[in-house]
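Participant: Can you keep this structure in mind? I'll have questions shortly.
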Number of protein chains: 4
Amino acid sequence: MTTLVGPSEDDPAQSLIDSGFALEIADAGLLHVPLTLADLAHVLDLSGHGVIPGDAAARLLRLLLEVHDLPAERFPYDSHVGDPYNCRERYFIERIGDDAGWLHAGRPRREAARVALRLLLRDQLVELIDAAATFADQVARVAGDHVETYMSDQTYLQQAQPSTFGHYLVSFAYTGLRDVERLFSCLDWVNQSPGGAGCVNGSRLITDRRTVADLLGFDDVIENTRDAMWQVDGLIDLLATVASLVSQESKLAEDLEIWDSREFGYVDLAGPYTRASVLMPQKRNPYSLAIVRGAGGVLIGRLAGFLAVIKTPSARSDNLIYAQGEVPRAVDLALRVTRLMGEVVATLRVDAGRMLEELERGFSQATDLAEFIMLECGLNYRTAYLLVGRTVRTASQRGLCGVDITGAMVDAAAEQLLGHGLGLAGRDLSEALDPRAIVRTRIAAGGAAPELTRQMSVSCRSQAASSQRRIEARAHAFRGAELKLLRLAKESAGE
Amino acid sequence: MTTLVGPSEDDPAQSLIDSGFALEIADAGLLHVPLTLADLAHVLDLSGHGVIPGDAAARLLRLLLEVHDLPAERFPYDSHVGDPYNCRERYFIERIGDDAGWLHAGRPRREAARVALRLLLRDQLVELIDAAATFADQVARVAGDHVETYMSDQTYLQQAQPSTFGHYLVSFAYTGLRDVERLFSCLDWVNQSPGGAGCVNGSRLITDRRTVADLLGFDDVIENTRDAMWQVDGLIDLLATVASLVSQESKLAEDLEIWDSREFGYVDLAGPYTRASVLMPQKRNPYSLAIVRGAGGVLIGRLAGFLAVIKTPSARSDNLIYAQGEVPRAVDLALRVTRLMGEVVATLRVDAGRMLEELERGFSQATDLAEFIMLECGLNYRTAYLLVGRTVRTASQRGLCGVDITGAMVDAAAEQLLGHGLGLAGRDLSEALDPRAIVRTRIAAGGAAPELTRQMSVSCRSQAASSQRRIEARAHAFRGAELKLLRLAKESAGE
Amino acid sequence: MTTLVGPSEDDPAQSLIDSGFALEIADAGLLHVPLTLADLAHVLDLSGHGVIPGDAAARLLRLLLEVHDLPAERFPYDSHVGDPYNCRERYFIERIGDDAGWLHAGRPRREAARVALRLLLRDQLVELIDAAATFADQVARVAGDHVETYMSDQTYLQQAQPSTFGHYLVSFAYTGLRDVERLFSCLDWVNQSPGGAGCVNGSRLITDRRTVADLLGFDDVIENTRDAMWQVDGLIDLLATVASLVSQESKLAEDLEIWDSREFGYVDLAGPYTRASVLMPQKRNPYSLAIVRGAGGVLIGRLAGFLAVIKTPSARSDNLIYAQGEVPRAVDLALRVTRLMGEVVATLRVDAGRMLEELERGFSQATDLAEFIMLECGLNYRTAYLLVGRTVRTASQRGLCGVDITGAMVDAAAEQLLGHGLGLAGRDLSEALDPRAIVRTRIAAGGAAPELTRQMSVSCRSQAASSQRRIEARAHAFRGAELKLLRLAKESAGE
Amino acid sequence: MTTLVGPSEDDPAQSLIDSGFALEIADAGLLHVPLTLADLAHVLDLSGHGVIPGDAAARLLRLLLEVHDLPAERFPYDSHVGDPYNCRERYFIERIGDDAGWLHAGRPRREAARVALRLLLRDQLVELIDAAATFADQVARVAGDHVETYMSDQTYLQQAQPSTFGHYLVSFAYTGLRDVERLFSCLDWVNQSPGGAGCVNGSRLITDRRTVADLLGFDDVIENTRDAMWQVDGLIDLLATVASLVSQESKLAEDLEIWDSREFGYVDLAGPYTRASVLMPQKRNPYSLAIVRGAGGVLIGRLAGFLAVIKTPSARSDNLIYAQGEVPRAVDLALRVTRLMGEVVATLRVDAGRMLEELERGFSQATDLAEFIMLECGLNYRTAYLLVGRTVRTASQRGLCGVDITGAMVDAAAEQLLGHGLGLAGRDLSEALDPRAIVRTRIAAGGAAPELTRQMSVSCRSQAASSQRRIEARAHAFRGAELKLLRLAKESAGE
C-alpha cells in the first residue's frame, strides 16, 4: 500500500463538517476583520517585492478592502465549504478568478490565522486593560469615601479586628492593578509579528519580515519562525491572568453577597444590578454577583482546558484551532464581568451604621486589649492573651460586648489565672477598647488608619489613571497603523 | 439605612445586559422547546386542579402550542428584556394580557429552567448514547476484519510483543461500552422530575408532583424539593463521562496520527476525513484527528470549570445559570466528535504489509524466546531474560532481526553469562520467534489469538447493538410522552 | 546509526532518580502490601501450573509472606535502586538468589502494579463508602431533630420562603447517598482482575486468568488483555465521584461558615472542630469548614490533572505511574474530610431561636400571601405578585415585618395598582403570613412540612444503613479472600 | 443561645487531627527553616522597639537559633498538638516557659506563614530559574550542533517542508527563555514582605514595616496590609508559569518519544535516561519522557486545583493553608523534570542519516517547487499549487520521491490541467527540489538556514547565561541577608 500524497479529491464527510468545520466557522466572525488586515499586509508585502504582478495585486487589494467593510454576517462563511480560510479562498476566486491565487504564495493558512488572532487579542486587551484599570479606580474611589466607615475585618467570617470598609475595599485595587500590569505584559507578547514564517522554516519569497510587522503595527518580529508559528505560552499567560483578575472580582462578589443578606445588612446593590424573582414578590436578588462569581469558575475551566488542549506533541494544529475560539471568548467574558463588577462597586449602597453596630456588639478589640495589658503590666503576650480570652468569654456569657469590658473584669480573670490582680480596676480602657481609637493606631505603612487608607486610595487611583493613559496611547498607535495600512492598500489598489 | 425589599424599579444596567442577560439569552435557543413543554405541563397541572380558570388556561395553552411550533430564532428573545424567561413572560403578556399572569403561580423561573434543562439533556443523551454505541460497533467491526493483521504492540511507542491490529482496536470497544453504561446511568439521573418543588420547599398549590412528571415522561419525581432544585451531582457525572468517552477517542486519534505518518505508514485516513494545506501541495492532513484530540482537551476544561462554578455555598443561582450553556454544549461537542471518530475508524485504510514488515524487523519476540528458554532449559526467568537481552543486543549490533536469532547465538550468550552453553544450537526456534506463531499462543481469555479477538469483536458488537435497542426504546417513550402532552394540551385548549 | 536494543548498562542519571524514581518510591508505602499479595497470587498460579519448580516456589512464597508482615518503612525501598518493583526485585535476589528470578515469568512490572492499585483502591473504597454513608446518616439524623426548627430558605443568600433547618439539611443526605451509589459502581470497576494479561496481548504461560482473579477475591476477569492493562475510565469515574461527594460537603461547609458568623448566629461548631487564633483572644475559628472547602478545591485539580495526564496516545506508562500516587491520595483526602464533615454536623449547635427571629423579621411569606390573594380574589398570579410586591415595599419602608401585614395594607396597594381595593381589610391573614403555618402547607412529596421531613430523615437513614451493610459484606469477602490467599501460600510454602 | 467567644477548651477531634492538622504537619518540613527565620526577624524587630524585654528576647533568639540548626525531622511536629505553628509554640514554652509568650505579640500565625512561604518560594525560584535557563542553554547548544542536520519539519506529523533538527530544537530555547522572564517576574512578586501586617489592618506594636523586610532580604514591603495577608495572584502566576514551562518540555518529550520509535529511528535517549522492562528483554524504554509528560499533566491539575481552592470569599484561611503544600510541591516537581529534560536533550543521540533518509523519501519540497513554477512561469500560486499537487500524486503512485521529479513530469501535469505544457522539460530543478538547497534559502530573520540557526543558538545561549548570572546575583543577596540576620540574632542573643 502506498502512502497517499496530495489533497484528497473527496468532499469532506458530513461528520467533519459538523465538527471541525462548524467549530472553526463559529469563530469566523471574530477573525473576519483581522484576517482581512493580515491578507492586505501580505499582498502589499508580496507585491512590493514584485512577487505578485501589479494589476493582480491591485485587484486583490480592491477586493480585500471591500471585504474589510463587509460585516462578517454578510460574508459567505459556510462550514460546507470548509473553515473560514477556505470560504474566503472560494469567495475570492468567485470574485476575481485566478488573480486570487496569488494570495497564498509564501504563506500557509496557519500564518494568516496566527496574525489574525494576535490582532484580535490586541484589540481585546486594549478594552480589558482599560476595564480592569477602571475597576481598580472605581474600587479605590469608593474606598476613599469610606476611610471612616468602621467595620470589623473578618477571617473565617468571624470578627477579627476593627477596621474600615475603605481599608477592606482598597485592597482589591492593589490586586487589580497588579493584574493590569500582567495584562500589559500579555499585550507585549501579543503584539509581536509571526508574519513571514512561511510554513515554519521561513519562505524563499519573504526576505524581510519587518515589512508585514510594520504594516500591522506590531512592536517586533518573533525571531524563530517555528516558534512564531506555534508558541502558546503567551496564551497560557493571558488566560491565567484573566482567571486571576476575575477570581479577585469573584471574591469581592462573594463578600458582597454575604453582606447583602438581611442578616448582615451591610450593603445593598443598586437596583440596575439586581434581578427580581418571578415567583417571590419580596425578592431583590444580587444577580450581578452570581454572574461574576460564575464567570470566575468558567474561566478556571477555560484555562485548564486550554492547557489540556496544548498537551500534545509540538506543532499540532488543534492547539491553535481551539485557541481561536477559546481564548478570545474567555477574554471577552472577563471584559464583560469586569465592567459589571466595577459598576456594582461604584453604585453600592453601604450601611455604615449597621457595620458599626455589629462592630460594637462584638469583641474585635480583644487583641488590642491584650497588647495594652502586655505593655502596661509587663506580661508576655501569651499570658495577656489567655487573660483576655477568659475575660471576653465571661463578658460574653454575661451578655456584654467588648466595649463594656472594665479593668475590674480583667483583674478578676487575672486573679483566677495568675492568682493576683493587675491593678487595672478603675483604669480607663477606652483607648484599647474603642474600635475607632484602635483603627487610628494602625499608622504603619498600609494600615487601616483613615489617613493611610485615604493615601492608598489616591495612590491607586493615580496608578489606574496612568494605566489608562498608557493603554490609550497603545490603542491610538494600533488604530494609526491600521488606518495607514488601509490607506496604503487603497493607494496600491489605485483607489 | 433600610434593607431594600421587592423588585427594583430601575432598568437593568447596560453592563448587566451585556454580561448576565446576554449570556442567558445565548442559551435561549437550546431551551426554547423544552421550556415550552415545561410550561405546557405546568399549566395543565394547575388547571387540572382548578387553580387557573378554564378559559385563561385555554388561552395560555393555545399560545404555548403556537410558541412550540415557532423556531427559537423567530421568538423575540432579547437581552434588553432580561433572560429567556423574562422574554417569554413579556411576550405572553403582549399576546394575551393578564391571562399570562397565571403561568407563574406556584413555580419559580428556576423550576422551569431545571425541568427544561433535563428535557434537553435527555434528548442529547439519546443521541450521544446511540453515537457512542455506534462508535463501539464500528471499532469492533473493523477489529474483526483485522484479527490476523499482525503488528507489534507498543509501550512507550517501543515494540513490545507481537499482536494484531484487531486486538489493539477492539480494546477501544470495551472502554466505549463501559462509558455507554455510564451514560445510561446519567440518563437515569436526568430523567427525574424536579417539577412541583415550588421555590424550594414545595408549594401549597401543588398537591401531587407526579402529574407534571408523568406529563413530561419523567421516570420518577426527585423526592426532596430542595435537592430537586439544586442538585448538580448528575451534571458532574455527565461531564466526567463525556470527558472520559472523548479521552479514549483522543487516545485512538493520537495513535492513528502517529501511524499515519510517512515514517510509520501503518494507516491512512480516508479522503473525506482529511484536509489539504493551502500552501503545501503534497499535504493531506489528518485534520479529523486533531479535531477529536482538541475536543478531548476542551472537555477536560468544561468539567473542571463546571466543578469550579459549583464551588459555592448551596443554592446559588450561578450553578445552574452557567450549567445551562456549559453542559449541553459540552455534550454536543462530544456527540459531534464521537460520530466523527467512529467514521474515521470505519473508513480507515490499514496497511497490513507495512505493519508486518516492522514487526519482522524488530525484536518483539524476545519475551517468548526467554520463556521458551526458561521452559526448555529449566532456567529461572530472570536468567533467561538476561540471556536473551544479551542475545538481542548482539544480534541488533550485527544488523539482524529477531527472526534471525539462532540457538547458537543464544548458546554464545549463555557461554558468556553462565559460563556454559544450553545446547540450543541447531534447535528450531521458529515457534518462539515467529510473531504469528506467538500470537496464536495467546489463547487465555482476552488474548490476541485470532479466534479470541474475533469472539471479542462479535461480543462487543452484540453489546453495542443491545445498547442501541435500549436507547431507541427510551427515545420512543420520550417521544410518546411528548406527543401525548401536546395532544392533551390541544384538547384542553379546545383545539 | 543503529537503534539501541535491550536494557542500558548505564546507571540511571541522578536527575532521573530525583524525578521518576523518587516519585514512584514515594508511593511505595501505599502499594507495599498490595504488591506482595499480587506476587503471592502470581507465584501460586505459576507454580500450580508447574512453571516454577516446587522448591523455588516455596522459597519465594516464604519470602513474600515475610515481606507481607514487614512494614513498608522497614523495606529497603530506595530511589537509587529504581522504582518500588526494582527495589523488591533487588531485595528478593539478595535474599534467595536465582530463585527470585522465577517471579517475573509471564508478568510485566506493569501488571503487578495494576493489580496492586486495584487492591489498594478496593480497601480505600470500603472505607470511603462507609464514611460517605455515615455522613448521610449523620446529616439525616440531625435533620430529623430539626423538622420544626423554622428558618427561611435562602437563594442568593436572600430570604426566599419559610422552611426548616431539617428540610435544608436532609437534602445533603440525598446527594450523599447518590454518590454512595456511584462509589459502589466504582468498586465494581475496581474489583475486576487485570491479572494474566502478560505484557498486553496475553501470555503463553497463563492459561486460565480466573486463577489469579479468584486468589485475590476479584469479582471477575477484565476480558481484553490490552484493556486490562491500560484502562483508566474507572479512575476518572472514581475521581469525579470523589470530587462530587466533597463538593457537596464543601457547599454545606460554606453555608455553615456563613451561619456561624456573629451576624447570622444560626449555628456554632462544637469546640473540637474549631481552632483558636494565636493572636486574637476572642477568636474561635471554624477551621474544620475551611479544611473541607479547601479539599473540595484540591480534588477538582486532582481530577483535572489526571485527565490531563491521560491525554496521551494509548498505552503510555505515565498514565498509570502518576495514577498510583494521585488517585489513592485523592481518595484518602476525600475520606478524611468526609469523616470530619459528618462529625461537624453531628455535633453542631443550632440556634433555633435565632433562626426564627430572622424568619419573623423578614418577608419570606410574600409568595404565600400572593397565592392567597390569587386564590381568594381570583386575580392572576402576576397581578397578585405585583400587589404584594408593592405591599411589602411599603411595609418595609415603614419598618414593619412580613407578619405585620394587614388586609388593609394590601387593599391600599390594590387601590394604587388596580384602582380598587380587594375587600381584604379586616381579614385574618395569619394562615398566609405565619411562617410555621406556611411550612405546614408543604405536604406534597418531599416538601418542608415537618412530617414529610421526618419521613425523609427516616428513609435516608434506612438507605444509609443498608449501604453500610452492603459495604461491610463486601469488605468481609475481601478480607476472606486475602486470608485464604495467605493460608494457601503458607501451605504451599510448607509452613 | 449565645454565640461562643474565645478559644474552645476541648481537645481537637481525631477526625480533625487526621485531616486539617495532619495536612498542615505534612508541610512542616518545607516551612521549618523559613518559619524560624521569620520568627527571628520578628523577635529582633519587637525587641529593637523595646516591646520584648531584653533577656526574654535573648532567650527566645537563642532558642530560635538552635531550632534553625535542628533538622525538621527531629523537631517535634505532631498533628495531635495542632499545626506546625502550634507545635512550635508548645515546644518553645516547654523549653523556655513564659518568655516564649512574647513571640506572638503583634503577629498572627498567618503572618508568620505568609512570610515563611515567600522565603521558601524564593529559594525554590532561584533553583527553578537556574534550571530553566540551563534547560534553554542545553537545548540551544545541541541545536547549534545540528544546524545542518536536515530533516523534514512536520505538521500533523506529516512532512511539511525541509528544515533542520537545529532549527526545530532552538525554538524550545525561545519558549524556555520567555518562561524564565516570567519566573523573574514571579520572583519580584514573591520577594515582597507581608511582615508587619498585624492581623490584617496593621498593628499598634509595629511602627516601621521596613525593619522586618530588610532583615529578611525582601525587596520591598507590600503596602496594603490586608492585601499583604491575603494576596494569591502571584501564586496563580507562578503555578501558571510553571505549567507553561513544563508544558513545553512535555511537547518536546512527546516529539522525542515518537522519534525514538524504531519506525522513526531519529533519536535515541542515552542509557541513564531509559529504563529496562522487567519482562521484555529487548526493551529500552524512554522512561524519562513519560515522567516529564506526566508531570505536565499533573501541573495542569495543580493550577486548576489552586484556582478552585481560592474560589471563596476573600480572606479565607483555606486559600493559604492549601497553598503552603500545593504550590511548593508543584514548583519542586517542575524543578525536577526541568533538570531531567535538559539532560535528556544534552545527551541525546541524533541519527542525522535516518532523518535525511526520510527527508529524501518524501515530498516536502513541493511548496518550493510550486514557488519556483510561480516565479519562473508567471503562474499565480494557486495554479502552481494545483499543478504540483497533481505532479506529486502521480510521482508517488509511481513509487518516486520528491527529488525524482522532472520538468517533464510537471509539464505533463500542466498539459492535463491547463491544456498546455510550461516548457520545463529538461530544466534543472535541483535548486527547488534539493532539500538542503531549500533550507539554504530560508535566510529571512529566524529562518532555517544554517547560519541563522547558528546565530539563534548563540543568542539564546547568551541570554541563558545572562539569566543565570542575574539569578545567581539574586541568590547571593538572599544568602547575604540570611547570614546577616543570623549574625544579628546571635549578637542580640549575646552569643
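Naming scheme: A, B, ... for chains in displayed order of the C-alpha cells; residues 1 onward per chain; ligands 1 onward as shown.
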Could you build a table of the residues in chain D lying no more than 6 Å from chain C, giving for each the nearest pair of atoms and their separation in Å rounded to one decimal place, using only C-alpha atoms, ordered by chain and ascending residue number, as a Markdown table?
Facilitator:
```
| residue | atom | partner | partner_atom | distance |
| --- | --- | --- | --- | --- |
| D:Met1 | CA | C:Asp351 | CA | 5.9 |
| D:Val5 | CA | C:Gln282 | CA | 5.5 |
| D:Gly6 | CA | C:Gln282 | CA | 4.1 |
| D:Pro7 | CA | C:Ala276 | CA | 4.8 |
| D:Ser8 | CA | C:Gly271 | CA | 4.9 |
| D:Asp10 | CA | C:Pro272 | CA | 5.5 |
| D:Asp11 | CA | C:Pro272 | CA | 5.6 |
| D:Pro12 | CA | C:Pro272 | CA | 4.1 |
| D:Ala13 | CA | C:Pro272 | CA | 4.9 |
| D:Ser15 | CA | C:Leu340 | CA | 5.1 |
| D:Ser19 | CA | C:Arg336 | CA | 5.4 |
| D:Gly20 | CA | C:Ile291 | CA | 5.7 |
| D:Pro108 | CA | C:Leu279 | CA | 4.9 |
| D:Gly271 | CA | C:Ser8 | CA | 4.9 |
| D:Pro272 | CA | C:Pro12 | CA | 4.1 |
| D:Ala276 | CA | C:Pro7 | CA | 4.8 |
| D:Val278 | CA | C:Pro108 | CA | 5.9 |
| D:Leu279 | CA | C:Pro108 | CA | 4.9 |
| D:Pro281 | CA | C:Gly6 | CA | 5.9 |
| D:Gln282 | CA | C:Gly6 | CA | 4.1 |
| D:Lys283 | CA | C:Gly6 | CA | 5.1 |
| D:Arg284 | CA | C:Pro7 | CA | 5.0 |
| D:Ala290 | CA | C:Asp318 | CA | 5.1 |
| D:Ile291 | CA | C:Gly20 | CA | 5.7 |
| D:Gly294 | CA | C:Val309 | CA | 5.2 |
| D:Gly297 | CA | C:Val309 | CA | 4.1 |
| D:Val298 | CA | C:Gly305 | CA | 4.7 |
| D:Ile300 | CA | C:Gly305 | CA | 5.5 |
| D:Gly301 | CA | C:Gly305 | CA | 3.4 |
| D:Arg302 | CA | C:Gly301 | CA | 5.6 |
| D:Ala304 | CA | C:Gly301 | CA | 5.1 |
| D:Gly305 | CA | C:Gly301 | CA | 3.4 |
| D:Ala308 | CA | C:Gly297 | CA | 4.6 |
| D:Val309 | CA | C:Gly297 | CA | 4.1 |
| D:Asp318 | CA | C:Ala290 | CA | 5.1 |
| D:Arg336 | CA | C:Ser19 | CA | 5.4 |
| D:Leu340 | CA | C:Ser15 | CA | 5.1 |
| D:Asp351 | CA | C:Met1 | CA | 5.9 |
```
Participant: For C-alpha atoms, I'd like the residues from the last selection saved as a PDB file, in the first residue's frame.
Facilitator:
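File produced: out-v1.pdb:
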```pdb
ATOM      1  CA  MET D   1     -28.314  30.702  72.662  1.00  0.00           C
ATOM      2  CA  VAL D   5     -16.463  33.557  72.122  1.00  0.00           C
ATOM      3  CA  GLY D   6     -12.842  32.660  72.756  1.00  0.00           C
ATOM      4  CA  PRO D   7     -10.833  29.506  72.237  1.00  0.00           C
ATOM      5  CA  SER D   8     -12.507  26.179  72.847  1.00  0.00           C
ATOM      6  CA  ASP D  10     -11.895  20.954  74.199  1.00  0.00           C
ATOM      7  CA  ASP D  11      -9.203  18.858  72.601  1.00  0.00           C
ATOM      8  CA  PRO D  12      -9.385  18.690  68.847  1.00  0.00           C
ATOM      9  CA  ALA D  13     -11.378  15.830  67.374  1.00  0.00           C
ATOM     10  CA  SER D  15     -11.068  13.470  62.602  1.00  0.00           C
ATOM     11  CA  SER D  19      -7.469  15.917  58.217  1.00  0.00           C
ATOM     12  CA  GLY D  20      -6.526  19.543  58.889  1.00  0.00           C
ATOM     13  CA  PRO D 108      -0.792  36.193  63.928  1.00  0.00           C
ATOM     14  CA  GLY D 271      21.165   4.940  28.673  1.00  0.00           C
ATOM     15  CA  PRO D 272      20.933   6.775  32.012  1.00  0.00           C
ATOM     16  CA  ALA D 276      14.541  -1.612  31.212  1.00  0.00           C
ATOM     17  CA  VAL D 278      11.364  -6.480  33.765  1.00  0.00           C
ATOM     18  CA  LEU D 279       9.609  -8.818  31.358  1.00  0.00           C
ATOM     19  CA  PRO D 281      14.494  -8.338  27.294  1.00  0.00           C
ATOM     20  CA  GLN D 282      14.661  -6.192  24.164  1.00  0.00           C
ATOM     21  CA  LYS D 283      13.055  -3.120  25.713  1.00  0.00           C
ATOM     22  CA  ARG D 284      14.907   0.098  26.452  1.00  0.00           C
ATOM     23  CA  ALA D 290       6.979   9.652  30.281  1.00  0.00           C
ATOM     24  CA  ILE D 291       7.972  11.227  33.576  1.00  0.00           C
ATOM     25  CA  GLY D 294       3.082  13.097  33.179  1.00  0.00           C
ATOM     26  CA  GLY D 297      -0.425  16.831  33.224  1.00  0.00           C
ATOM     27  CA  VAL D 298      -0.121  16.891  36.985  1.00  0.00           C
ATOM     28  CA  ILE D 300      -2.266  21.469  34.936  1.00  0.00           C
ATOM     29  CA  GLY D 301      -4.253  19.969  37.766  1.00  0.00           C
ATOM     30  CA  ARG D 302      -2.269  21.766  40.438  1.00  0.00           C
ATOM     31  CA  ALA D 304      -6.698  24.325  38.242  1.00  0.00           C
ATOM     32  CA  GLY D 305      -6.969  22.995  41.772  1.00  0.00           C
ATOM     33  CA  ALA D 308     -10.587  26.271  42.663  1.00  0.00           C
ATOM     34  CA  VAL D 309      -9.250  26.430  46.225  1.00  0.00           C
ATOM     35  CA  ASP D 318      -8.027  27.548  53.296  1.00  0.00           C
ATOM     36  CA  ARG D 336      12.984  18.052  38.925  1.00  0.00           C
ATOM     37  CA  LEU D 340      15.778  15.913  33.760  1.00  0.00           C
ATOM     38  CA  ASP D 351      20.630   9.955  13.792  1.00  0.00           C
TER      39      ASP D 351
END
```
Participant: Which of range 26-208 of chain D end up as helix (DSSP H, G or I) when DSSP is run on this backbone - answer as a VMD selection string?
Facilitator: chain D and resid 28 to 48 54 to 69 72 to 74 84 to 104 109 to 145 165 to 190
Participant: Can you pull out every residue within 10 Å of Cys401 in chain D, counting only C-alpha atoms, but drop anything in the same chain fewer than 2 positions away, and send it as an mmCIF file with C-alpha atoms, in the first residue's frame?
Facilitator:
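Heads up, here's the output in out-v5.cif:
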```cif
data_model
loop_
_atom_site.group_PDB
_atom_site.id
_atom_site.type_symbol
_atom_site.label_atom_id
_atom_site.label_comp_id
_atom_site.auth_asym_id
_atom_site.auth_seq_id
_atom_site.Cartn_x
_atom_site.Cartn_y
_atom_site.Cartn_z
ATOM 1 C CA LEU D 359 13.513 13.708 4.113
ATOM 2 C CA GLU D 360 14.680 12.455 0.733
ATOM 3 C CA ARG D 361 11.976 9.802 0.517
ATOM 4 C CA GLY D 362 9.217 12.361 0.856
ATOM 5 C CA PHE D 363 7.752 15.306 -0.964
ATOM 6 C CA SER D 364 8.439 18.146 1.400
ATOM 7 C CA VAL D 392 3.452 14.665 -6.679
ATOM 8 C CA ALA D 395 5.063 10.600 -8.789
ATOM 9 C CA SER D 396 4.029 8.983 -5.578
ATOM 10 C CA GLN D 397 1.838 6.468 -7.329
ATOM 11 C CA ARG D 398 4.812 5.560 -9.495
ATOM 12 C CA GLY D 399 6.918 4.981 -6.410
ATOM 13 C CA VAL D 403 13.805 14.573 -5.613
ATOM 14 C CA ASP D 404 12.946 12.416 -8.627
ATOM 15 C CA ILE D 405 10.526 14.939 -10.099
#
```
Participant: Would you pick out the contacts of Asp214 in chain B at 12 Å or less, using only C-alpha atoms, so that residues sharing its chain but fewer than 2 positions from it are not included, and give the list as a ChimeraX atom specification?
Facilitator: /B:38,41-42,44-45,191-195,208-212,216-221,477-478,480-482,484-485
Participant: Could you name the residues that touch Arg440 in chain C at 8 Å or less, counting only C-alpha atoms, but leaving out those on the same chain fewer than 4 positions away, as an MDAnalysis selection string?
Facilitator: chainID C and resid 436 448:450
Participant: Given the selection you just returned, output its residues as a file containing N, CA, C and O atoms, formatted as a PDB file, in the first residue's frame.
Facilitator:
```pdb
ATOM      1  N   ARG C 436     -44.765  29.379  60.192  1.00  0.00           N
ATOM      2  CA  ARG C 436     -44.966  27.988  60.586  1.00  0.00           C
ATOM      3  C   ARG C 436     -46.165  27.374  59.877  1.00  0.00           C
ATOM      4  O   ARG C 436     -46.138  26.238  59.417  1.00  0.00           O
ATOM      5  N   ALA C 448     -41.526  20.701  52.781  1.00  0.00           N
ATOM      6  CA  ALA C 448     -40.921  21.043  54.060  1.00  0.00           C
ATOM      7  C   ALA C 448     -41.810  20.773  55.276  1.00  0.00           C
ATOM      8  O   ALA C 448     -41.366  20.992  56.411  1.00  0.00           O
ATOM      9  N   ALA C 449     -43.002  20.313  55.069  1.00  0.00           N
ATOM     10  CA  ALA C 449     -43.869  20.034  56.222  1.00  0.00           C
ATOM     11  C   ALA C 449     -43.158  19.074  57.172  1.00  0.00           C
ATOM     12  O   ALA C 449     -42.504  18.123  56.728  1.00  0.00           O
ATOM     13  N   PRO C 450     -43.255  19.338  58.493  1.00  0.00           N
ATOM     14  CA  PRO C 450     -42.466  18.553  59.450  1.00  0.00           C
ATOM     15  C   PRO C 450     -42.605  17.043  59.272  1.00  0.00           C
ATOM     16  O   PRO C 450     -41.597  16.324  59.284  1.00  0.00           O
TER      17      PRO C 450
END
```
Participant: If you count only C-alpha atoms, which residues fall within 10 Å of Leu375 in chain C, apart from same-chain ones fewer than 5 positions away, as a ChimeraX atom specification?
Facilitator: /B:50-52,205 /C:369-370,380-381,384
Participant: Which of range 146-223 of chain C counts as strand (DSSP E) under DSSP, as a ChimeraX atom specification please?
Facilitator: /C:150-155,158-164,192-193,220-221
Participant: Can you tell me how far CA of Glu257 in chain D sits from CA of Met151 in chain B, in Å to one decimal?
Facilitator: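 It comes out at 18.9 Å.
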Participant: Write out as a list of chain:residue names which residues come within 6 Å of range 166-177 of chain D when counting only C-alpha atoms, dropping same-chain ones fewer than 3 positions away.
Facilitator: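 Using only C-alpha atoms, the neighbours found are A:Asp227, D:Ala136, D:Val139, D:Ala140, D:Ala143, D:His146, D:Val147, D:Val180, D:Ala448, D:Thr453.
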Participant: Would you mind telling me which residue in C:Leu64, C:Ala330, C:Ala408, C:Val232 lies nearest to Lys251 in chain B when using only C-alpha atoms?
Facilitator: C:Val232
Participant: Nearest to Ala160 in chain A among A:Leu187, A:Met374, A:Leu424, A:Ala366, with distances taken over only C-alpha atoms: which residue is it?
Facilitator: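 Answer, going by the shortest atom-to-atom distance: A:Ala366.
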Participant: Using Å and a single decimal, report how far CA of Trp230 in chain D sits from CA of Glu181 in chain A.
Facilitator: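 Computing the Euclidean distance for CA of Glu181 in chain A and CA of Trp230 in chain D yields 18.9 Å.
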Participant: Nearest to Thr164 in chain A among D:Arg226, D:Arg427, D:Ala414, D:Glu491, with distances taken over only C-alpha atoms: which residue is it?
Facilitator: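 Among D:Arg226, D:Arg427, D:Ala414, D:Glu491, it is D:Arg226 that comes nearest to Thr164 in chain A.
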Participant: So, with only C-alpha atoms as the atoms that count, which of B:Ala57, B:Ala116, B:Leu239, B:Ala22 lies closest to Arg182 in chain B?
Facilitator: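 Between B:Ala57, B:Ala116, B:Leu239, B:Ala22, the residue approaching Arg182 in chain B most closely is B:Leu239.
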